[in-house]
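A.B. asks: One structure, as structure tokens, below. Some questions next.
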Amino acid sequence: MSEKLLNWDEVLIGGAIKDPGNSKSYETGSWRVERPVWNPESCIQCMFCWVYCPDSSILVDENGKMSGIDYDHCKGCGICVEQCPTKPKSLAMLLEADAKGKSEEDLRKEVFSK
Amino acid sequence: MALLNELAKKKEGLVNGHRLCPGCTHSVIMRQVLAAADTDKYDIVVAAATGCFEVSSGLYPYTSWNIPWIHNAFENAASTISGVEAMYRLWKKKGRTDKDVRFIALASDGGTYDIGLQALSGAIERGHRFLYICNDNNAYQNTGNQRSSATPFGASTTTSPNGTVLQGKSQPKKDIMSVLEGHHMQYLAQASPSNWRDLMNKVKKALDVDGPTYLNVIEPCTTGWGFPQNKSIEIAQLAVDTCVWPLYEIEEGKVKINYKPKNKLPVEEYLKPQKRFAHLFKKGNEHLIEEFQKQTDRHWEWLLKREESGVSY
Amino acid sequence: MGKKVALTGNEAAAHAIRQINPDVVAAFPITPSTPIPQNVAQFIADGEMDTELVTVESEHSAMSACVGAAAAGGRVMTATSANGYALMWEILYIASGSRLPIVMAVAARALSAPLNIHGDHSDIMGGRDTGWIQLIAENSQETYDNLIQAIKIAENKDVMTPALGAFDGFNISHAIEIWELEDDNKVKEFVGEYTPLYPLLNTKEPVTHGAWAPPDWYFEHKMNQLEGLLNAKDVVVKVGKEFGSAFGREYGLYEAYKMDDAEYVIVAMGSVCGTTKDVVDSLRENGVKAGLLKIRLFRPFPYKELADALSSAKAVAVLDRVSPAGAQGGALFTEIRSALYDANSRPPVINYTYGLGGRDTQPQHINSVYDKLKTIAETGKVDKQFDCLNLRGTWG
Ligand code: SF4
Ligand code: SF4
């Protein structure tokens, strides 16, 4: 994530950026206090979470279906959880601190078996 | 409108890694806009005004834009896009490109209702082909929530604060749609990211007009308005369901309301969850809520009458 | 072959624009430069050029549209004066910081208040630090020649910096002079084609223009920008020579008029140089070693070359067509004095403000300056470092 700081005679003139979408390398996932956990079992693939996510963090497979969450960028706002029509079955928030060191599978069980 | 699964397969014009606040709807709106654009048919170039979205998505050496994007200053998104579009016409005339390119100018209410109004008016009058999108977050949020002419009546901002003598902004919100309607442009509309299908339809329609078009979009701001970051879409929906933010379009002067809530909610439902309106609920301030309701109803009824009459220019 | 024409300075600028045939012109009328967009509009209406003209609703939008158009990818020009230039101010910095080689004609005029539509240099001197190349013409011929050269200077790959070609409002903009209008094709050939660096309209390679630079980056960008501006100095000389071989009128950084052995020297820019030359001629006839150093390139300021050019001077007077506004002297004065600080011979330098708001400056006024310089050289004493020419009442 650390950017290379260029000298004055190395920067592109006019401050232009010729590397479209390079902010992807800036990982806003570190901002997160809570994380959404997804349950594919009850997901109805409505894609509402995708259309409302401010951080393009709902992962999509080649069929245009929801396939998970991009934790490198998800800021943990919780909009997806609020807008999921199956709420609270397919998406739920969990404190980051409680997610540490656990696999997605384990988290899923922990969150959705309750 | 294609199914969301289809739209989700498209390469996104705006990517993540931007620095907008968690739960900010700027990017939600833009993602919906770019998803709706028929990018198989045409390419999009964006000119952005200075503001939250601009500083968050173009922070050297990073850009969140996968499409050509230019930021010039605060008040000149419309004049900047005028220049870009003029150059495009020249390129077309001289055969320098065979691409079909459409243009979007992007600003918030500060850059639209206030400091950018003159440039916008000029660009519309000149007839440039562009879609101007105002993400209306009801105040100058990039500098920390100062009142704008888009700030609603009663809202407390840092320059229209609630105090012991004054209770937030004492003037009503400017009706920018009516201001712009006077330009007799072919298409302008008001939309909300909560109603994505409606928003997307409007974007598609606007981008196909060979001339200036305008889209006014409510852009709930978690920090400025004071609501939890997971509630942004809900707040937008409440604005729509209370008719504080009617979804409508004006096509060749004819008003069409795109959504009439079956159960029009009282404005309290919209005001209550937001800190900027908290003081309105204090004892003795009931009349302010009444006034808010009155302003909302007046506008809504006027819209209904406009629609019913079917008048156009 | 060129032909002699009797036209105004504004028409000279308009003809330069017609022959350059830029891709986009965005302009707003303001006295005294109004005839430029008017003429351009007529040329377009008559099919003599195929520029896209954006008739904006303000100068702020004029420069904003110029920035948009130039970033989109192509050659862009505009024209303005005074308050219009001031209204552009914010965007002038953005044009130069974004390295967009826009070329602007400025009929230099006084700034309000009080409102005054006549010539002086308040506008361009106020904007001297906006990062633009500034070329200043003495007459219509130079107005025309400078704008044509400005295109090549601004677009030079080592420069890539916007440039303005200024000429005095009314004195030049509205005065009919005889000057040489060159052949359309020769001008076209001289300015050549322009290939923009990263056009927005090249949608295959999406570029981001105008990202904000945090403290980690801003400084580097500004110094990168400065290098481009400084590079303009050599390019001005190079293009001036090329122009000379193409059209027979060669240009440099400045014009040294009877400077070889000059002891009493006026340093000035703009139309006052014409009057000054006449005075120098008559003084020379009487054996007075008078000279004129006429500034052509004000930004970047060629301080070394100008200091060298002043090496024989025993006393120097700098004429500023702008108020010192609280500085030690006018904009040109402070530059010249600073340039001479490192010179071997440091002649006394005095400063006059003249011609504000269109006030006439006549040979008698210029003569009084040379008289003063003679006295200073003879006595070695400067009683007044700053004074005004043709002001009612005594200053200071
Ligand atoms: S929590 Fe917010 S950022 Fe994360 S996936 Fe859900 S909507 Fe996107
Ligand atoms: S909103 Fe809920 S149901 Fe719809 S796709 Fe997302 S997780 Fe699945």
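Going by the structure tokens order, chains are called A, B, ..., each with residues numbered from 1, while ligands are numbered from 1 in the order shown.
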Kindly provide, as a list of chain:residue names, the residues of chain B having any atom no farther than 6 Å from an atom of chain C, counting only C-alpha atoms.

C.D. replies: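 For chain B, the answer reads B:Gly58, B:Leu59, B:Tyr60, B:Ile67, B:Pro68, B:Trp69, B:Ile70, B:His71, B:Ser79, B:Thr80, B:Ser82, B:Gly83, B:Val84, B:Met87, B:Gly122.
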
A.B. asks: What's the 12 Å shell around Gly76 (chain A), counting only C-alpha atoms, without same-chain residues fewer than 6 positions away, as a compact mmCIF listing (two decimals) with N, CA and C atoms, in the first residue's frame?

C.D. replies:
# COMPACT_ATOMS: atom_id res chain seq x y z
N THR A 28 -8.80 0.15 1.63
CA THR A 28 -9.60 0.83 2.64
C THR A 28 -10.21 -0.16 3.64
N GLY A 29 -9.96 -1.44 3.42
CA GLY A 29 -10.47 -2.45 4.35
C GLY A 29 -9.94 -2.24 5.76
N SER A 30 -8.80 -1.58 5.86
CA SER A 30 -8.21 -1.35 7.18
C SER A 30 -9.02 -0.35 8.01
N TRP A 31 -9.93 0.37 7.37
CA TRP A 31 -10.76 1.34 8.10
C TRP A 31 -11.84 0.64 8.92
N ARG A 32 -12.09 -0.63 8.60
CA ARG A 32 -13.29 -1.29 9.07
C ARG A 32 -13.30 -1.55 10.58
N VAL A 33 -14.43 -1.29 11.19
CA VAL A 33 -14.59 -1.65 12.60
C VAL A 33 -15.43 -2.93 12.70
N GLU A 34 -16.43 -2.97 11.79
CA GLU A 34 -17.25 -4.18 11.72
C GLU A 34 -17.19 -4.73 10.31
N ARG A 35 -17.43 -6.03 10.16
CA ARG A 35 -17.42 -6.59 8.81
C ARG A 35 -18.73 -7.32 8.51
N PRO A 36 -19.16 -7.24 7.26
CA PRO A 36 -20.32 -8.03 6.89
C PRO A 36 -19.89 -9.47 6.62
N VAL A 37 -20.70 -10.39 7.07
CA VAL A 37 -20.43 -11.81 6.77
C VAL A 37 -21.59 -12.31 5.92
N CYS A 53 -23.70 -0.95 -2.58
CA CYS A 53 -22.40 -0.88 -1.88
C CYS A 53 -21.61 0.32 -2.36
N PRO A 54 -21.21 1.22 -1.45
CA PRO A 54 -20.46 2.41 -1.86
C PRO A 54 -19.03 2.08 -2.28
N ASP A 55 -18.57 0.91 -1.91
CA ASP A 55 -17.16 0.60 -2.13
C ASP A 55 -16.92 -0.58 -3.05
N SER A 56 -17.85 -0.82 -3.92
CA SER A 56 -17.71 -1.90 -4.92
C SER A 56 -17.10 -3.14 -4.28
N SER A 57 -17.60 -3.48 -3.13
CA SER A 57 -16.96 -4.57 -2.38
C SER A 57 -17.79 -5.85 -2.33
N ILE A 58 -18.85 -5.87 -3.13
CA ILE A 58 -19.56 -7.13 -3.29
C ILE A 58 -18.95 -7.82 -4.50
N ILE A 69 -17.29 -11.13 -0.39
CA ILE A 69 -17.04 -9.73 -0.03
C ILE A 69 -15.55 -9.44 -0.17
N ASP A 70 -15.26 -8.29 -0.73
CA ASP A 70 -13.88 -7.86 -0.91
C ASP A 70 -13.43 -7.16 0.39
N GLU A 82 -28.25 -3.88 5.77
CA GLU A 82 -29.54 -3.20 5.94
C GLU A 82 -30.45 -3.41 4.73
N LEU A 91 -26.79 -11.66 5.22
CA LEU A 91 -25.68 -10.78 5.56
C LEU A 91 -25.85 -10.31 7.00
N ALA A 92 -24.76 -10.29 7.73
CA ALA A 92 -24.83 -9.78 9.10
C ALA A 92 -23.49 -9.17 9.48
N MET A 93 -23.53 -8.21 10.38
CA MET A 93 -22.30 -7.54 10.79
C MET A 93 -21.69 -8.21 12.01
N LEU A 94 -20.38 -8.17 12.03
CA LEU A 94 -19.64 -8.77 13.14
C LEU A 94 -18.47 -7.84 13.45
N LEU A 95 -18.16 -7.66 14.72
CA LEU A 95 -17.01 -6.81 15.07
C LEU A 95 -15.73 -7.40 14.50
N GLU A 96 -14.92 -6.55 13.89
CA GLU A 96 -13.65 -7.00 13.34
C GLU A 96 -12.84 -7.75 14.39
N CYS B 21 -16.25 8.64 3.01
CA CYS B 21 -16.62 8.09 4.32
C CYS B 21 -17.34 6.75 4.13
N PRO B 22 -17.23 5.85 5.08
CA PRO B 22 -18.02 4.63 5.02
C PRO B 22 -19.51 4.99 4.95
N GLY B 23 -20.22 4.35 4.05
CA GLY B 23 -21.65 4.60 3.93
C GLY B 23 -22.01 5.81 3.11
N CYS B 24 -21.04 6.43 2.47
CA CYS B 24 -21.31 7.61 1.64
C CYS B 24 -22.03 7.17 0.36
N PRO B 228 -26.47 6.97 11.32
CA PRO B 228 -25.49 5.88 11.24
C PRO B 228 -25.18 5.50 9.80
N GLN B 229 -23.94 5.07 9.56
CA GLN B 229 -23.49 4.87 8.19
C GLN B 229 -24.22 3.75 7.44
N ASN B 230 -24.91 2.89 8.17
CA ASN B 230 -25.62 1.82 7.46
C ASN B 230 -27.02 2.27 7.02

A.B. asks: Between C:Ala154, C:Val382, C:Val103, C:Met223, single out the one closest to Val11 (chain A), counting only C-alpha atoms.

C.D. replies: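 Using only C-alpha atoms, the shortest distance to Val11 (chain A) belongs to C:Met223.
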
A.B. asks: Can you tell me which residues sit at most 6 Å away from ligand 2, counting only C-alpha atoms and all ligand atoms, written as a PyMOL selection string?

C.D. replies: chain A and resi 43-49+66+84-86+90-91

A.B. asks: Can those selected residues be exported to a file as a PDB file, in the first residue's frame so that it contains N, CA, C and O atoms?

C.D. replies:
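As written to disk, part_25.pdb reads:
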ATOM      1  N   CYS A  43     -28.856 -16.676   0.514  1.00  0.00           N
ATOM      2  CA  CYS A  43     -28.789 -15.571  -0.453  1.00  0.00           C
ATOM      3  C   CYS A  43     -29.659 -15.876  -1.660  1.00  0.00           C
ATOM      4  O   CYS A  43     -29.589 -16.952  -2.231  1.00  0.00           O
ATOM      5  N   ILE A  44     -30.492 -14.913  -2.042  1.00  0.00           N
ATOM      6  CA  ILE A  44     -31.383 -15.122  -3.187  1.00  0.00           C
ATOM      7  C   ILE A  44     -30.843 -14.461  -4.460  1.00  0.00           C
ATOM      8  O   ILE A  44     -31.525 -14.384  -5.474  1.00  0.00           O
ATOM      9  N   GLN A  45     -29.616 -13.953  -4.370  1.00  0.00           N
ATOM     10  CA  GLN A  45     -28.938 -13.378  -5.537  1.00  0.00           C
ATOM     11  C   GLN A  45     -29.717 -12.208  -6.171  1.00  0.00           C
ATOM     12  O   GLN A  45     -29.747 -12.056  -7.382  1.00  0.00           O
ATOM     13  N   CYS A  46     -30.313 -11.398  -5.317  1.00  0.00           N
ATOM     14  CA  CYS A  46     -31.038 -10.241  -5.841  1.00  0.00           C
ATOM     15  C   CYS A  46     -30.082  -9.130  -6.266  1.00  0.00           C
ATOM     16  O   CYS A  46     -30.440  -8.256  -7.043  1.00  0.00           O
ATOM     17  N   MET A  47     -28.886  -9.155  -5.707  1.00  0.00           N
ATOM     18  CA  MET A  47     -27.830  -8.170  -6.018  1.00  0.00           C
ATOM     19  C   MET A  47     -28.109  -6.767  -5.496  1.00  0.00           C
ATOM     20  O   MET A  47     -27.464  -5.801  -5.923  1.00  0.00           O
ATOM     21  N   PHE A  48     -29.026  -6.670  -4.572  1.00  0.00           N
ATOM     22  CA  PHE A  48     -29.253  -5.353  -3.964  1.00  0.00           C
ATOM     23  C   PHE A  48     -27.994  -4.881  -3.230  1.00  0.00           C
ATOM     24  O   PHE A  48     -27.653  -3.702  -3.255  1.00  0.00           O
ATOM     25  N   CYS A  49     -27.340  -5.818  -2.560  1.00  0.00           N
ATOM     26  CA  CYS A  49     -26.114  -5.440  -1.847  1.00  0.00           C
ATOM     27  C   CYS A  49     -25.108  -4.847  -2.833  1.00  0.00           C
ATOM     28  O   CYS A  49     -24.441  -3.864  -2.551  1.00  0.00           O
ATOM     29  N   MET A  66     -23.465 -12.738  -6.894  1.00  0.00           N
ATOM     30  CA  MET A  66     -22.695 -12.383  -5.714  1.00  0.00           C
ATOM     31  C   MET A  66     -21.866 -13.575  -5.272  1.00  0.00           C
ATOM     32  O   MET A  66     -22.376 -14.690  -5.180  1.00  0.00           O
ATOM     33  N   CYS A  84     -30.338  -5.888   2.459  1.00  0.00           N
ATOM     34  CA  CYS A  84     -30.572  -7.262   2.020  1.00  0.00           C
ATOM     35  C   CYS A  84     -32.025  -7.653   2.335  1.00  0.00           C
ATOM     36  O   CYS A  84     -32.455  -7.565   3.483  1.00  0.00           O
ATOM     37  N   PRO A  85     -32.779  -8.065   1.307  1.00  0.00           N
ATOM     38  CA  PRO A  85     -34.192  -8.378   1.547  1.00  0.00           C
ATOM     39  C   PRO A  85     -34.384  -9.607   2.448  1.00  0.00           C
ATOM     40  O   PRO A  85     -35.471  -9.778   2.995  1.00  0.00           O
ATOM     41  N   THR A  86     -33.343 -10.403   2.617  1.00  0.00           N
ATOM     42  CA  THR A  86     -33.491 -11.575   3.491  1.00  0.00           C
ATOM     43  C   THR A  86     -33.056 -11.248   4.918  1.00  0.00           C
ATOM     44  O   THR A  86     -32.959 -12.144   5.762  1.00  0.00           O
ATOM     45  N   SER A  90     -28.893 -13.428   5.218  1.00  0.00           N
ATOM     46  CA  SER A  90     -27.788 -13.640   4.280  1.00  0.00           C
ATOM     47  C   SER A  90     -26.573 -12.752   4.522  1.00  0.00           C
ATOM     48  O   SER A  90     -25.486 -13.042   4.046  1.00  0.00           O
ATOM     49  N   LEU A  91     -26.794 -11.660   5.223  1.00  0.00           N
ATOM     50  CA  LEU A  91     -25.675 -10.779   5.559  1.00  0.00           C
ATOM     51  C   LEU A  91     -25.854 -10.308   6.995  1.00  0.00           C
ATOM     52  O   LEU A  91     -26.972  -9.986   7.400  1.00  0.00           O
TER      53      LEU A  91
END

A.B. asks: Residues at most 12 Å from Asp371 (chain C), counting only C-alpha atoms, excluding those fewer than 5 positions away in the same chain, as a PyMOL selection string?

C.D. replies: chain C and resi 264-266+279-280+283+288-290+315-317+364-366+376-378

A.B. asks: Counting only C-alpha atoms, which residues of chain B come no farther than 7 Å from chain A, as a list in words?

C.D. replies: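 Result: Leu4, Asn5, Glu6, Ala8, Lys9, Val15, Asn16, Gly17, His18, Pro22, Gly23, Cys24, Thr25, Ser27, Val28, Gln32, Pro61, Tyr62, Thr63, Ser64, Trp65, Asn66, Gln229, Asn230 and Lys231 of chain B.
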
A.B. asks: Can you tell me which residues surround Ile257 (chain B) at a distance of at most 12 Å, considering only C-alpha atoms, apart from same-chain residues fewer than 3 positions away, and format the answer as a PyMOL selection string?

C.D. replies: chain B and resi 189-191+198+240+243+245-251+254+260-261+300-308+310

A.B. asks: Any chance you could list, as a list in words, the residues in region 86-174 of chain B that come up alpha helix (DSSP H) when DSSP is run on the backbone?

C.D. replies: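 Checking each residue of region 86-174 of chain B, the alpha helix (DSSP H) ones are Ala86, Met87, Tyr88, Arg89, Leu90, Trp91, Lys92, Lys93, Asp109, Leu117, Gln118, Ala119, Leu120, Ser121, Gly122, Ala123, Ile124, Glu125 and Arg126 of chain B.
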
A.B. asks: Create the file for the chosen residues now, containing C-alpha atoms and written as a PDB file, in the first residue's frame.

C.D. replies:
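Generated file (out_13.pdb):
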ATOM      1  CA  ALA B  86     -16.678  21.404 -27.907  1.00  0.00           C
ATOM      2  CA  MET B  87     -13.375  19.683 -28.514  1.00  0.00           C
ATOM      3  CA  TYR B  88     -15.211  16.419 -29.104  1.00  0.00           C
ATOM      4  CA  ARG B  89     -17.400  18.075 -31.730  1.00  0.00           C
ATOM      5  CA  LEU B  90     -14.240  19.317 -33.392  1.00  0.00           C
ATOM      6  CA  TRP B  91     -12.695  15.843 -33.292  1.00  0.00           C
ATOM      7  CA  LYS B  92     -15.828  14.453 -34.883  1.00  0.00           C
ATOM      8  CA  LYS B  93     -15.881  17.162 -37.533  1.00  0.00           C
ATOM      9  CA  ASP B 109     -25.285  21.123  -4.380  1.00  0.00           C
ATOM     10  CA  LEU B 117     -25.104  27.978 -11.032  1.00  0.00           C
ATOM     11  CA  GLN B 118     -23.971  30.567 -13.554  1.00  0.00           C
ATOM     12  CA  ALA B 119     -21.682  28.156 -15.377  1.00  0.00           C
ATOM     13  CA  LEU B 120     -24.433  25.539 -15.408  1.00  0.00           C
ATOM     14  CA  SER B 121     -27.003  27.968 -16.746  1.00  0.00           C
ATOM     15  CA  GLY B 122     -24.624  29.090 -19.466  1.00  0.00           C
ATOM     16  CA  ALA B 123     -23.726  25.580 -20.526  1.00  0.00           C
ATOM     17  CA  ILE B 124     -27.371  24.512 -20.699  1.00  0.00           C
ATOM     18  CA  GLU B 125     -28.359  27.596 -22.687  1.00  0.00           C
ATOM     19  CA  ARG B 126     -25.560  26.958 -25.175  1.00  0.00           C
TER      20      ARG B 126
END

A.B. asks: Can you tell me, as a PDB file with N, CA, C and O atoms, in the first residue's frame, what residues are no more than 8 Å from Ile124 (chain C) when counting only C-alpha atoms, ignoring any on the same chain fewer than 4 positions away?

C.D. replies:
ATOM      1  N   ALA C  82      -8.383  43.036 -18.644  1.00  0.00           N
ATOM      2  CA  ALA C  82      -8.743  43.623 -17.353  1.00  0.00           C
ATOM      3  C   ALA C  82      -9.562  42.731 -16.423  1.00  0.00           C
ATOM      4  O   ALA C  82      -9.132  41.666 -16.015  1.00  0.00           O
ATOM      5  N   TYR C  85      -9.797  39.204 -17.303  1.00  0.00           N
ATOM      6  CA  TYR C  85      -8.582  38.478 -16.955  1.00  0.00           C
ATOM      7  C   TYR C  85      -8.578  38.176 -15.455  1.00  0.00           C
ATOM      8  O   TYR C  85      -8.235  37.081 -15.025  1.00  0.00           O
ATOM      9  N   VAL C 106      -4.290  39.242 -24.859  1.00  0.00           N
ATOM     10  CA  VAL C 106      -4.776  40.163 -23.827  1.00  0.00           C
ATOM     11  C   VAL C 106      -4.573  41.599 -24.284  1.00  0.00           C
ATOM     12  O   VAL C 106      -3.447  42.038 -24.495  1.00  0.00           O
ATOM     13  N   ALA C 108      -4.329  44.695 -22.862  1.00  0.00           N
ATOM     14  CA  ALA C 108      -4.086  45.034 -21.457  1.00  0.00           C
ATOM     15  C   ALA C 108      -4.824  46.311 -21.075  1.00  0.00           C
ATOM     16  O   ALA C 108      -4.803  47.307 -21.801  1.00  0.00           O
ATOM     17  N   ARG C 128       1.120  38.135 -13.156  1.00  0.00           N
ATOM     18  CA  ARG C 128       2.447  37.721 -13.615  1.00  0.00           C
ATOM     19  C   ARG C 128       2.914  36.412 -12.985  1.00  0.00           C
ATOM     20  O   ARG C 128       3.775  35.742 -13.534  1.00  0.00           O
ATOM     21  N   ALA C 166       0.282  39.922 -24.935  1.00  0.00           N
ATOM     22  CA  ALA C 166      -0.415  41.132 -24.510  1.00  0.00           C
ATOM     23  C   ALA C 166      -0.061  42.305 -25.412  1.00  0.00           C
ATOM     24  O   ALA C 166       1.016  42.347 -26.017  1.00  0.00           O
TER      25      ALA C 166
END

A.B. asks: Do you know which residues are at most 8 Å from Ser271 (chain C) counting only C-alpha atoms, after dropping those on the same chain fewer than 6 positions away, and could you put them as a list in words?

C.D. replies: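 Neighbouring residues, sequence-local ones excluded: Ala137, Glu138, Asn139, Phe167, Asp168, Asn171 and Ile172 of chain C.
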
A.B. asks: Quote the spacing between CA of Glu305 (chain C) and CA of Glu180 (chain C) in Å to one decimal place.

C.D. replies: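 These two atoms are separated by 28.9 Å.
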
A.B. asks: With DSSP run on the backbone, what are the strand (DSSP E or B) residues within region 113-285 of chain C? I'd like them as a CSV table (one decimal) with N, CA, C and O atoms, in the first residue's frame.

C.D. replies:
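What follows is the written file out10.csv:
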chain,number,residue,atom,x,y,z
C,133,ILE,N,3.4,32.0,-19.6
C,133,ILE,CA,4.4,32.7,-20.4
C,133,ILE,C,3.8,34.1,-20.7
C,133,ILE,O,2.6,34.1,-21.2
C,134,GLN,N,4.5,35.2,-20.6
C,134,GLN,CA,4.0,36.5,-21.0
C,134,GLN,C,4.8,37.2,-22.0
C,134,GLN,O,6.0,37.5,-21.7
C,135,LEU,N,4.3,37.4,-23.2
C,135,LEU,CA,4.9,38.1,-24.2
C,135,LEU,C,4.2,39.4,-24.4
C,135,LEU,O,3.0,39.5,-24.4
C,136,ILE,N,5.0,40.5,-24.5
C,136,ILE,CA,4.3,41.8,-24.6
C,136,ILE,C,4.7,42.5,-25.9
C,136,ILE,O,5.9,42.6,-26.2
C,163,ALA,N,0.5,30.4,-22.7
C,163,ALA,CA,1.2,31.7,-23.0
C,163,ALA,C,0.1,32.8,-23.3
C,163,ALA,O,-0.9,32.5,-23.9
C,164,LEU,N,0.5,34.0,-22.9
C,164,LEU,CA,-0.4,35.1,-23.3
C,164,LEU,C,0.5,36.1,-24.2
C,164,LEU,O,1.6,36.3,-23.9
C,165,GLY,N,-0.2,36.7,-25.1
C,165,GLY,CA,0.4,37.7,-25.9
C,165,GLY,C,-0.4,39.0,-25.6
C,165,GLY,O,-1.6,39.1,-26.0
C,166,ALA,N,0.3,39.9,-24.9
C,166,ALA,CA,-0.4,41.1,-24.5
C,166,ALA,C,-0.1,42.3,-25.4
C,166,ALA,O,1.0,42.3,-26.0
C,167,PHE,N,-1.0,43.2,-25.5
C,167,PHE,CA,-0.8,44.5,-26.2
C,167,PHE,C,-1.7,45.5,-25.6
C,167,PHE,O,-2.7,45.2,-25.0
C,168,ASP,N,-1.2,46.8,-25.6
C,168,ASP,CA,-1.9,47.8,-24.9
C,168,ASP,C,-3.3,48.1,-25.4
C,168,ASP,O,-3.6,48.3,-26.6
C,176,ILE,N,-5.3,52.0,-35.7
C,176,ILE,CA,-5.1,51.4,-37.0
C,176,ILE,C,-3.6,51.7,-37.3
C,176,ILE,O,-3.1,52.8,-37.3
C,177,GLU,N,-2.9,50.6,-37.6
C,177,GLU,CA,-1.5,50.7,-38.0
C,177,GLU,C,-1.3,49.9,-39.3
C,177,GLU,O,-2.1,49.1,-39.6
C,178,ILE,N,-0.2,50.2,-39.9
C,178,ILE,CA,0.1,49.4,-41.1
C,178,ILE,C,1.0,48.3,-40.7
C,178,ILE,O,2.0,48.5,-40.0
C,179,TRP,N,0.6,47.1,-41.0
C,179,TRP,CA,1.5,45.9,-40.6
C,179,TRP,C,1.4,44.8,-41.7
C,179,TRP,O,0.5,44.9,-42.5
C,180,GLU,N,2.2,43.9,-41.5
C,180,GLU,CA,2.3,42.8,-42.5
C,180,GLU,C,1.5,41.6,-42.1
C,180,GLU,O,1.8,41.0,-41.1
C,181,LEU,N,0.5,41.3,-42.9
C,181,LEU,CA,-0.3,40.1,-42.7
C,181,LEU,C,0.3,39.0,-43.6
C,181,LEU,O,0.4,39.1,-44.8
C,208,THR,N,-6.7,10.6,-15.8
C,208,THR,CA,-7.3,11.4,-14.8
C,208,THR,C,-6.5,12.8,-14.8
C,208,THR,O,-5.3,12.8,-14.6
C,209,HIS,N,-7.3,13.8,-15.0
C,209,HIS,CA,-6.7,15.2,-15.0
C,209,HIS,C,-7.2,15.9,-13.8
C,209,HIS,O,-8.4,15.9,-13.5
C,212,TRP,N,-6.1,16.0,-6.9
C,212,TRP,CA,-5.5,16.9,-5.9
C,212,TRP,C,-4.2,16.3,-5.3
C,212,TRP,O,-4.1,15.1,-5.2
C,254,TYR,N,14.2,40.4,-25.8
C,254,TYR,CA,14.0,41.8,-25.6
C,254,TYR,C,14.5,42.5,-26.9
C,254,TYR,O,15.1,41.9,-27.7
C,255,GLU,N,14.2,43.8,-26.9
C,255,GLU,CA,14.8,44.6,-28.0
C,255,GLU,C,15.7,45.7,-27.4
C,255,GLU,O,15.2,46.4,-26.6
C,256,ALA,N,16.9,45.7,-27.9
C,256,ALA,CA,17.8,46.7,-27.4
C,256,ALA,C,17.9,47.8,-28.5
C,256,ALA,O,18.4,47.6,-29.6
C,257,TYR,N,17.3,48.9,-28.1
C,257,TYR,CA,17.2,50.0,-29.1
C,257,TYR,C,18.3,51.1,-28.8
C,257,TYR,O,18.2,51.7,-27.7
C,264,TYR,N,22.1,56.4,-20.7
C,264,TYR,CA,20.9,56.7,-20.0
C,264,TYR,C,19.8,55.8,-20.7
C,264,TYR,O,19.5,56.0,-21.8
C,265,VAL,N,19.3,55.0,-19.8
C,265,VAL,CA,18.5,53.9,-20.4
C,265,VAL,C,17.1,53.9,-19.8
C,265,VAL,O,17.0,53.9,-18.5
C,266,ILE,N,16.1,53.8,-20.6
C,266,ILE,CA,14.8,53.5,-20.1
C,266,ILE,C,14.5,52.1,-20.4
C,266,ILE,O,14.8,51.5,-21.5
C,267,VAL,N,13.9,51.4,-19.4
C,267,VAL,CA,13.4,50.0,-19.6
C,267,VAL,C,11.9,50.1,-19.5
C,267,VAL,O,11.3,50.7,-18.6
C,268,ALA,N,11.3,49.6,-20.5
C,268,ALA,CA,9.8,49.7,-20.6
C,268,ALA,C,9.3,48.5,-21.4
C,268,ALA,O,10.0,47.8,-22.1

A.B. asks: Write out as a ChimeraX atom specification the residues lying within 10 Å of Asp120 (chain C), counting only C-alpha atoms and excluding same-chain residues fewer than 3 positions away.

C.D. replies: /C:82,107-111,116-117,123-125,167-171,270-271,320-323,354-359

A.B. asks: Quick one: pull the distance between CA of Ala35 (chain B) and CA of Lys205 (chain B), Å, one decimal.

C.D. replies: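 CA of Lys205 (chain B) lies 13.4 Å from CA of Ala35 (chain B).
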
A.B. asks: In Å to one decimal, how far is CA of Val46 (chain B) from CA of Ala73 (chain B)?

C.D. replies: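 Interatomic distance here is 13.5 Å.
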
A.B. asks: Between A:Glu110, A:Asn7, A:Tyr71, A:Lys102, which has the minimum distance to ligand 1 (counting only C-alpha atoms and all ligand atoms)?

C.D. replies: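 The shortest atom-to-atom distance to ligand 1 comes from A:Tyr71.
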
A.B. asks: For ligand 1, which residue among B:Gln171, B:Arg129, B:Val45, B:Ser232 is the nearest when counting only C-alpha atoms and all ligand atoms?

C.D. replies: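 Closest to ligand 1 of all the choices is B:Ser232.
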
A.B. asks: Between B:Leu20, B:Cys221, B:Val101, B:Met200, which is the closest to ligand 1 once you count only C-alpha atoms and all ligand atoms?

C.D. replies: B:Leu20

A.B. asks: Taking into account only C-alpha atoms and all ligand atoms, which residue in the set B:Leu14, B:Ala49, B:Met185, B:Ile233 is nearest to ligand 1?

C.D. replies: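 Among the listed residues, the smallest separation from ligand 1 belongs to B:Ile233.
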